[in-house]
Amino acid sequence: MATHLADLDFPPYVIKCVDETHFLVAGGGGHARTGVPNFIEIFELQRRGRRLFADSKLQYDTDVGEDRAAIMNAALRFDGKEYLLAAGKDEKCQFYKFVKTKEAMKEGEEEPKPNQTSNNGNDTGSTRKRKKAKEAKQTADSNKSKESTTKSEKTSSQEPAVVVTKFDLERLGSVQTDFTDGDKYQKAVCFSPNGMFFATGGADGHVRMWSYPSFEKQYEIKAHSKEVDDIIINPLGNRLVSVSRDSTAIVWKTVDGSKMCDLKWDGVKAEQTTSYRVRCCRFGFIDSDPSKSNMYTIHIPRIQGKTKSSYLTRWNAIKYTPEKTVCTGTDVLSALNISHSGNLVGLGTMSGSIGVYISFSLQKLRVVKDVHGIFVTGLCFVPMTRTTRDLLGDLETAVLSVSADKKVSIVALEPPMEFPAWLMFVGAFLLIILIFTGLAALGLSF
């Protein structure tokens with residue numbers, strides 16, 4: 001089941017889970033002065049009765065002077081204290097940091113909603129008054145005793161405060177990561193597991209490794225003949241995978257950028273492999289163990305057509321050999337992500353559908369059609385904790401998604417229905433009785 005959570009003021013290209021109930025969306029209208037902003041927006045999942053929705057907690061205008069580029073790709077990391085966002089804006093990788101705080105507010109106190117912040121840090125947001133949980137009691141009559149008034153004041157002061165989550169975001173430095181002769185664009189970015197390095201892929205086909213926070217380039221690889229579509233570093237931090245529009249996918253050693261191997265896909269007949277390219281790649285844990293992982297890729301036709309299929313492949317993350325490939329249908333894939341446990345794979349399509357697959361078997365759990373009106377630009381799994389289960393229900397999983405239709409949606413999957421053993425035994429016994437009764441009525445016997 002899909003639920004529409006929020007409408008955006010800008011086309012989104014990035015969605016990242018901040019924690020179990022908050023997520024970040026980024027994108028914008030770019031350089032065109034059409035009134036479409038370039039924003040980072042943080043939302044909180046909330047429920048009011050049966051209605052689930054996303055409440056905006058922060059809107060941040062990313063434009064600075066002539067820098068009016070939209071965020072087209074990003075990576076997010078958390079060091080236990082603050083969040084760091086590496087965002088691709090044209091040829092640069094722009095960094096932002098933000099922190100989450102909680103404030104206790106009294107009933108009736110004004111709360112910023114949302115906290116709209118421009119790049120100079122000034123608050124331009126409107127405010128709203130939080131509704132009181134109970135109607136305020138009438139003012140005590142003047143003829144009441146002072147003791148009664150004091151007792152009433154103490155009771156009022158003991159009423160529980162409302163805890164409000166706030167986010168404070170700050171723009172940091174940037175570094176140019178693409179040097180194409182023509183239009184320059186950073187196409188992909190990812191952090192190393194320890195957060196000390198980040199890798200970028202550009203429209204020039206080069207992969208570059210950088211240190212943070214010095215922004216010093218560690219090395220540069222002329223990896224591909226065409227623009228880089230995606231890059232990812234494995235959970236151990238010793239391998240980097242890059243994929244490109246030139247239909248090549250390569251594994252590199254992160255220590256020095258030397259080539260380890262090419263990814264050789266066998267999902268289709270040998271004569272058809274050149275008709276496909278890798279669109280995205282991701283790593284996922286095996287049985288929630290960070291020391292063990294698989295890699296997943298989605299493969300799309302180089303020339304799209306109504307009869308051409310897309311594929312999902314699981315790879316051995318040590319030998320980098322394909323282990324299993326499944327056809328996902330003729331709806332061209334546009335987005336890929338893996339659940340935090342590594343047990344599920346999420347897919348987005350060009351038609352706006354969302355699919356969820358079991359990572360080990362690549363068995364299809366659910367495909368929800370027409371979640372969006374146009375292609376999915378990003379998706380992420382909601383961490384399933386006690387807090388999110390209290391909010392969303394006892395679900396198998398939940399997937400957040402964004403699209404160029406400026407909508408944020410969530411697809412919720414119920415856990416498979418299980419029957420107790422005794423009920424299955426009784427059902428089998430009754431079925432046998434019915435079979436013998438039917439045979440006796442027909443005059444048949446064994």
# chains A, B, ... in the order shown; residues from 1 in each chain; ligands from 1

$ residues_around --residues "Asn234 of chain A" --least-positions-apart "2" --cutoff "9 Å" --atoms "only C-alpha atoms" --output "PyMOL selection string"
chain A and resi 192-193+232+236-241+282-284+293+295+317

$ select_by_dssp --residues "segment 200-412 of chain A" --states "helix (DSSP H, G or I)" --output "list in words"
Ala270, Glu271, Gln272, Thr273, Thr274, Ser275, Arg386, Thr387, Thr388, Arg389, Asp390, Leu391 and Leu392 of chain A

$ write_last_selection --atoms "N, CA, C and O atoms" --output "JSON list (two decimals), in the first residue's frame"
[["chain", "number", "residue", "atom", "x", "y", "z"],
["A", 270, "ALA", "N", 25.17, -14.02, -24.12],
["A", 270, "ALA", "CA", 26.44, -13.32, -24.34],
["A", 270, "ALA", "C", 26.34, -12.26, -25.43],
["A", 270, "ALA", "O", 26.89, -11.16, -25.30],
["A", 271, "GLU", "N", 25.61, -12.57, -26.49],
["A", 271, "GLU", "CA", 25.50, -11.62, -27.60],
["A", 271, "GLU", "C", 24.62, -10.42, -27.25],
["A", 271, "GLU", "O", 24.60, -9.43, -27.98],
["A", 272, "GLN", "N", 23.91, -10.48, -26.11],
["A", 272, "GLN", "CA", 23.02, -9.38, -25.73],
["A", 272, "GLN", "C", 23.61, -8.49, -24.63],
["A", 272, "GLN", "O", 23.05, -7.44, -24.33],
["A", 273, "THR", "N", 24.71, -8.91, -24.02],
["A", 273, "THR", "CA", 25.25, -8.16, -22.88],
["A", 273, "THR", "C", 25.66, -6.74, -23.25],
["A", 273, "THR", "O", 25.56, -5.82, -22.43],
["A", 274, "THR", "N", 26.11, -6.54, -24.48],
["A", 274, "THR", "CA", 26.51, -5.19, -24.89],
["A", 274, "THR", "C", 25.32, -4.26, -25.07],
["A", 274, "THR", "O", 25.50, -3.05, -25.22],
["A", 275, "SER", "N", 24.12, -4.81, -25.05],
["A", 275, "SER", "CA", 22.91, -4.00, -25.18],
["A", 275, "SER", "C", 22.43, -3.45, -23.84],
["A", 275, "SER", "O", 21.43, -2.74, -23.78],
["A", 386, "ARG", "N", 11.44, -0.07, 17.35],
["A", 386, "ARG", "CA", 10.22, -0.03, 18.16],
["A", 386, "ARG", "C", 9.47, 1.28, 17.96],
["A", 386, "ARG", "O", 8.24, 1.31, 17.89],
["A", 387, "THR", "N", 10.23, 2.38, 17.82],
["A", 387, "THR", "CA", 9.59, 3.68, 17.60],
["A", 387, "THR", "C", 8.82, 3.72, 16.29],
["A", 387, "THR", "O", 7.67, 4.18, 16.23],
["A", 388, "THR", "N", 9.45, 3.25, 15.20],
["A", 388, "THR", "CA", 8.77, 3.29, 13.91],
["A", 388, "THR", "C", 7.61, 2.30, 13.86],
["A", 388, "THR", "O", 6.60, 2.57, 13.20],
["A", 389, "ARG", "N", 7.72, 1.18, 14.54],
["A", 389, "ARG", "CA", 6.59, 0.23, 14.57],
["A", 389, "ARG", "C", 5.42, 0.80, 15.35],
["A", 389, "ARG", "O", 4.26, 0.56, 15.01],
["A", 390, "ASP", "N", 5.71, 1.55, 16.41],
["A", 390, "ASP", "CA", 4.63, 2.22, 17.14],
["A", 390, "ASP", "C", 3.93, 3.25, 16.25],
["A", 390, "ASP", "O", 2.73, 3.47, 16.35],
["A", 391, "LEU", "N", 4.72, 3.88, 15.37],
["A", 391, "LEU", "CA", 4.18, 4.93, 14.50],
["A", 391, "LEU", "C", 3.50, 4.35, 13.26],
["A", 391, "LEU", "O", 2.39, 4.76, 12.89],
["A", 392, "LEU", "N", 4.15, 3.39, 12.61],
["A", 392, "LEU", "CA", 3.67, 2.87, 11.33],
["A", 392, "LEU", "C", 2.86, 1.59, 11.46],
["A", 392, "LEU", "O", 2.13, 1.23, 10.53]]

$ residues_around --residues "Leu5 of chain A" --least-positions-apart "4" --cutoff "9 Å" --atoms "only C-alpha atoms" --output "list in words"
Leu45, Leu52, Phe53, Ala54, Asp55, Lys407, Val408, Ser409 and Ile410 of chain A

$ write_last_selection --atoms "N, CA and C atoms" --output "PDB file, in the first residue's frame"
ATOM      1  N   LEU A  45       8.174  12.006  10.176  1.00  0.00           N
ATOM      2  CA  LEU A  45       6.989  11.170  10.009  1.00  0.00           C
ATOM      3  C   LEU A  45       6.090  11.327  11.231  1.00  0.00           C
ATOM      4  N   LEU A  52      -1.318   9.201   8.125  1.00  0.00           N
ATOM      5  CA  LEU A  52       0.132   9.307   8.204  1.00  0.00           C
ATOM      6  C   LEU A  52       0.595  10.409   7.265  1.00  0.00           C
ATOM      7  N   PHE A  53       1.495  11.282   7.744  1.00  0.00           N
ATOM      8  CA  PHE A  53       1.962  12.389   6.922  1.00  0.00           C
ATOM      9  C   PHE A  53       3.379  12.760   7.326  1.00  0.00           C
ATOM     10  N   ALA A  54       4.004  13.624   6.524  1.00  0.00           N
ATOM     11  CA  ALA A  54       5.357  14.106   6.799  1.00  0.00           C
ATOM     12  C   ALA A  54       5.284  15.594   7.126  1.00  0.00           C
ATOM     13  N   ASP A  55       5.777  15.948   8.300  1.00  0.00           N
ATOM     14  CA  ASP A  55       5.748  17.327   8.774  1.00  0.00           C
ATOM     15  C   ASP A  55       7.114  17.967   8.542  1.00  0.00           C
ATOM     16  N   LYS A 407       6.451  14.830  -5.239  1.00  0.00           N
ATOM     17  CA  LYS A 407       5.718  14.170  -4.164  1.00  0.00           C
ATOM     18  C   LYS A 407       6.635  13.239  -3.385  1.00  0.00           C
ATOM     19  N   VAL A 408       6.345  13.124  -2.090  1.00  0.00           N
ATOM     20  CA  VAL A 408       7.005  12.153  -1.223  1.00  0.00           C
ATOM     21  C   VAL A 408       5.967  11.109  -0.836  1.00  0.00           C
ATOM     22  N   SER A 409       6.305   9.833  -1.019  1.00  0.00           N
ATOM     23  CA  SER A 409       5.373   8.745  -0.719  1.00  0.00           C
ATOM     24  C   SER A 409       6.065   7.686   0.125  1.00  0.00           C
ATOM     25  N   ILE A 410       5.254   6.835   0.730  1.00  0.00           N
ATOM     26  CA  ILE A 410       5.773   5.709   1.500  1.00  0.00           C
ATOM     27  C   ILE A 410       4.995   4.463   1.117  1.00  0.00           C
TER      28      ILE A 410
END

$ atom_distance --atom1 "atom CA of Lys100 of chain A" --atom2 "atom CA of Ala75 of chain A"
17.8 Å

$ residues_around --residues "Cys327 of chain A" --least-positions-apart "6" --cutoff "8 Å" --atoms "only C-alpha atoms" --output "ChimeraX atom specification"
/A:309-312

$ atom_distance --atom1 "atom CA of Pro213 of chain A" --atom2 "atom CA of Lys166 of chain A"
25.3 Å

$ residues_around --residues "Val163 of chain A" --least-positions-apart "5" --cutoff "9 Å" --atoms "only C-alpha atoms" --output "PyMOL selection string"
chain A and resi 102-106

$ write_last_selection --atoms "N, CA, C and O atoms" --output "compact mmCIF listing (two decimals), in the first residue's frame"
# COMPACT_ATOMS: atom_id res chain seq x y z
N LYS A 102 16.52 18.53 20.73
CA LYS A 102 15.14 18.42 21.21
C LYS A 102 14.90 19.50 22.25
O LYS A 102 15.75 19.77 23.10
N GLU A 103 13.74 20.12 22.16
CA GLU A 103 13.37 21.18 23.09
C GLU A 103 12.03 20.85 23.72
O GLU A 103 11.12 20.36 23.05
N ALA A 104 11.92 21.13 25.01
CA ALA A 104 10.66 20.97 25.71
C ALA A 104 9.92 22.30 25.66
O ALA A 104 10.44 23.33 26.11
N MET A 105 8.72 22.29 25.10
CA MET A 105 7.93 23.51 24.96
C MET A 105 6.64 23.38 25.74
O MET A 105 6.00 22.32 25.76
N LYS A 106 6.26 24.46 26.39
CA LYS A 106 5.03 24.46 27.16
C LYS A 106 3.83 24.57 26.23
O LYS A 106 3.94 25.06 25.11

$ residues_around --residues "segment 79-88 of chain A" --least-positions-apart "6" --cutoff "8 Å" --atoms "only C-alpha atoms" --output "list in words"
Ile71, Met72, Asn73, Gln94, Phe95, Tyr96, Lys97, Phe98, Val99, Lys100, Tyr185, Gln186, Lys187, Ala188, Val189, Cys190 and Gly195 of chain A

$ write_last_selection --atoms "all heavy atoms" --output "CSV table (one decimal), in the first residue's frame"
chain,number,residue,atom,x,y,z
A,71,ILE,N,20.8,20.5,-6.0
A,71,ILE,CA,21.5,19.3,-5.6
A,71,ILE,C,21.0,18.1,-6.3
A,71,ILE,O,19.8,17.8,-6.3
A,71,ILE,CB,21.3,19.1,-4.0
A,71,ILE,CG1,22.0,20.2,-3.3
A,71,ILE,CG2,21.8,17.7,-3.6
A,71,ILE,CD1,21.8,20.2,-1.8
A,72,MET,N,21.8,17.4,-7.1
A,72,MET,CA,21.4,16.3,-7.9
A,72,MET,C,21.8,14.9,-7.4
A,72,MET,O,21.3,13.9,-7.8
A,72,MET,CB,22.0,16.5,-9.3
A,72,MET,CG,21.6,17.8,-10.0
A,72,MET,SD,19.9,18.0,-10.3
A,72,MET,CE,19.6,16.7,-11.5
A,73,ASN,N,22.8,14.9,-6.5
A,73,ASN,CA,23.3,13.7,-5.9
A,73,ASN,C,23.9,14.0,-4.5
A,73,ASN,O,24.3,15.1,-4.3
A,73,ASN,CB,24.2,12.9,-6.8
A,73,ASN,CG,25.4,13.8,-7.3
A,73,ASN,OD1,26.4,14.0,-6.6
A,73,ASN,ND2,25.2,14.4,-8.5
A,94,GLN,N,29.5,20.2,-2.6
A,94,GLN,CA,29.2,21.2,-1.5
A,94,GLN,C,28.9,20.5,-0.2
A,94,GLN,O,28.0,19.6,-0.3
A,94,GLN,CB,28.1,22.2,-1.9
A,94,GLN,CG,27.7,23.1,-0.8
A,94,GLN,CD,28.8,24.1,-0.5
A,94,GLN,OE1,29.2,24.8,-1.4
A,94,GLN,NE2,29.2,24.2,0.7
A,95,PHE,N,29.5,20.9,0.9
A,95,PHE,CA,29.3,20.2,2.1
A,95,PHE,C,28.4,21.0,3.1
A,95,PHE,O,28.5,22.2,3.1
A,95,PHE,CB,30.6,19.9,2.8
A,95,PHE,CG,31.3,18.6,2.3
A,95,PHE,CD1,31.9,18.7,1.1
A,95,PHE,CD2,31.2,17.5,3.0
A,95,PHE,CE1,32.5,17.5,0.6
A,95,PHE,CE2,31.8,16.3,2.5
A,95,PHE,CZ,32.5,16.4,1.3
A,96,TYR,N,27.5,20.3,3.8
A,96,TYR,CA,26.7,20.9,4.8
A,96,TYR,C,26.7,20.0,6.1
A,96,TYR,O,26.9,18.8,5.9
A,96,TYR,CB,25.2,21.0,4.4
A,96,TYR,CG,25.0,21.7,3.1
A,96,TYR,CD1,25.1,21.1,1.8
A,96,TYR,CD2,24.7,23.1,3.1
A,96,TYR,CE1,24.8,21.7,0.7
A,96,TYR,CE2,24.5,23.8,1.9
A,96,TYR,CZ,24.6,23.1,0.7
A,96,TYR,OH,24.3,23.8,-0.5
A,97,LYS,N,26.6,20.6,7.2
A,97,LYS,CA,26.5,19.9,8.4
A,97,LYS,C,25.2,20.3,9.2
A,97,LYS,O,24.8,21.5,9.1
A,97,LYS,CB,27.7,20.0,9.3
A,97,LYS,CG,27.9,21.3,10.0
A,97,LYS,CD,29.0,21.3,11.0
A,97,LYS,CE,29.2,22.6,11.8
A,97,LYS,NZ,30.3,22.6,12.8
A,98,PHE,N,24.6,19.4,9.9
A,98,PHE,CA,23.4,19.8,10.7
A,98,PHE,C,23.4,18.9,11.9
A,98,PHE,O,23.9,17.8,11.9
A,98,PHE,CB,22.1,19.7,9.9
A,98,PHE,CG,21.8,18.3,9.3
A,98,PHE,CD1,21.0,17.5,10.0
A,98,PHE,CD2,22.3,17.9,8.1
A,98,PHE,CE1,20.6,16.3,9.5
A,98,PHE,CE2,21.9,16.7,7.5
A,98,PHE,CZ,21.1,15.9,8.2
A,99,VAL,N,22.8,19.4,12.9
A,99,VAL,CA,22.6,18.7,14.2
A,99,VAL,C,21.1,18.7,14.6
A,99,VAL,O,20.3,19.6,14.2
A,99,VAL,CB,23.4,19.4,15.3
A,99,VAL,CG1,24.9,19.3,15.1
A,99,VAL,CG2,23.0,20.9,15.5
A,100,LYS,N,20.8,17.7,15.3
A,100,LYS,CA,19.4,17.5,15.8
A,100,LYS,C,19.3,17.8,17.3
A,100,LYS,O,20.1,17.2,18.0
A,100,LYS,CB,18.9,16.1,15.4
A,100,LYS,CG,17.5,15.8,15.9
A,100,LYS,CD,17.1,14.4,15.5
A,100,LYS,CE,17.8,13.4,16.4
A,100,LYS,NZ,17.3,12.0,16.2
A,185,TYR,N,29.6,18.4,-14.4
A,185,TYR,CA,28.7,17.9,-13.4
A,185,TYR,C,29.3,16.8,-12.6
A,185,TYR,O,30.0,15.9,-13.2
A,185,TYR,CB,27.4,17.4,-14.1
A,185,TYR,CG,26.6,18.4,-14.8
A,185,TYR,CD1,26.6,18.5,-16.2
A,185,TYR,CD2,25.8,19.3,-14.1
A,185,TYR,CE1,25.9,19.4,-16.9
A,185,TYR,CE2,25.0,20.2,-14.8
A,185,TYR,CZ,25.0,20.3,-16.2
A,185,TYR,OH,24.3,21.2,-16.8
A,186,GLN,N,29.2,17.0,-11.3
A,186,GLN,CA,29.4,15.8,-10.4
A,186,GLN,C,28.2,14.9,-10.6
A,186,GLN,O,27.1,15.3,-10.4
A,186,GLN,CB,29.6,16.2,-9.0
A,186,GLN,CG,29.8,15.0,-8.0
A,186,GLN,CD,29.9,15.4,-6.6
A,186,GLN,OE1,30.9,16.0,-6.2
A,186,GLN,NE2,28.9,15.1,-5.8
A,187,LYS,N,28.5,13.6,-10.9
A,187,LYS,CA,27.4,12.7,-11.1
A,187,LYS,C,27.1,11.7,-9.9
A,187,LYS,O,26.0,11.2,-9.8
A,187,LYS,CB,27.7,11.8,-12.4
A,187,LYS,CG,28.0,12.6,-13.6
A,187,LYS,CD,26.7,13.4,-14.1
A,187,LYS,CE,25.6,12.5,-14.6
A,187,LYS,NZ,24.5,13.2,-15.1
A,188,ALA,N,28.1,11.5,-9.0
A,188,ALA,CA,27.9,10.6,-7.9
A,188,ALA,C,28.9,10.9,-6.8
A,188,ALA,O,30.0,11.4,-7.1
A,188,ALA,CB,28.0,9.2,-8.4
A,189,VAL,N,28.5,10.6,-5.6
A,189,VAL,CA,29.4,10.8,-4.4
A,189,VAL,C,29.1,9.8,-3.4
A,189,VAL,O,28.0,9.3,-3.2
A,189,VAL,CB,29.3,12.2,-3.9
A,189,VAL,CG1,27.9,12.5,-3.4
A,189,VAL,CG2,30.3,12.5,-2.7
A,190,CYS,N,30.1,9.3,-2.6
A,190,CYS,CA,29.9,8.4,-1.5
A,190,CYS,C,31.0,8.6,-0.5
A,190,CYS,O,32.1,9.0,-0.8
A,190,CYS,CB,29.8,7.0,-2.0
A,190,CYS,SG,31.4,6.3,-2.6
A,195,GLY,N,34.3,7.6,7.2
A,195,GLY,CA,34.0,9.0,7.1
A,195,GLY,C,35.2,9.9,6.8
A,195,GLY,O,35.0,11.1,6.7
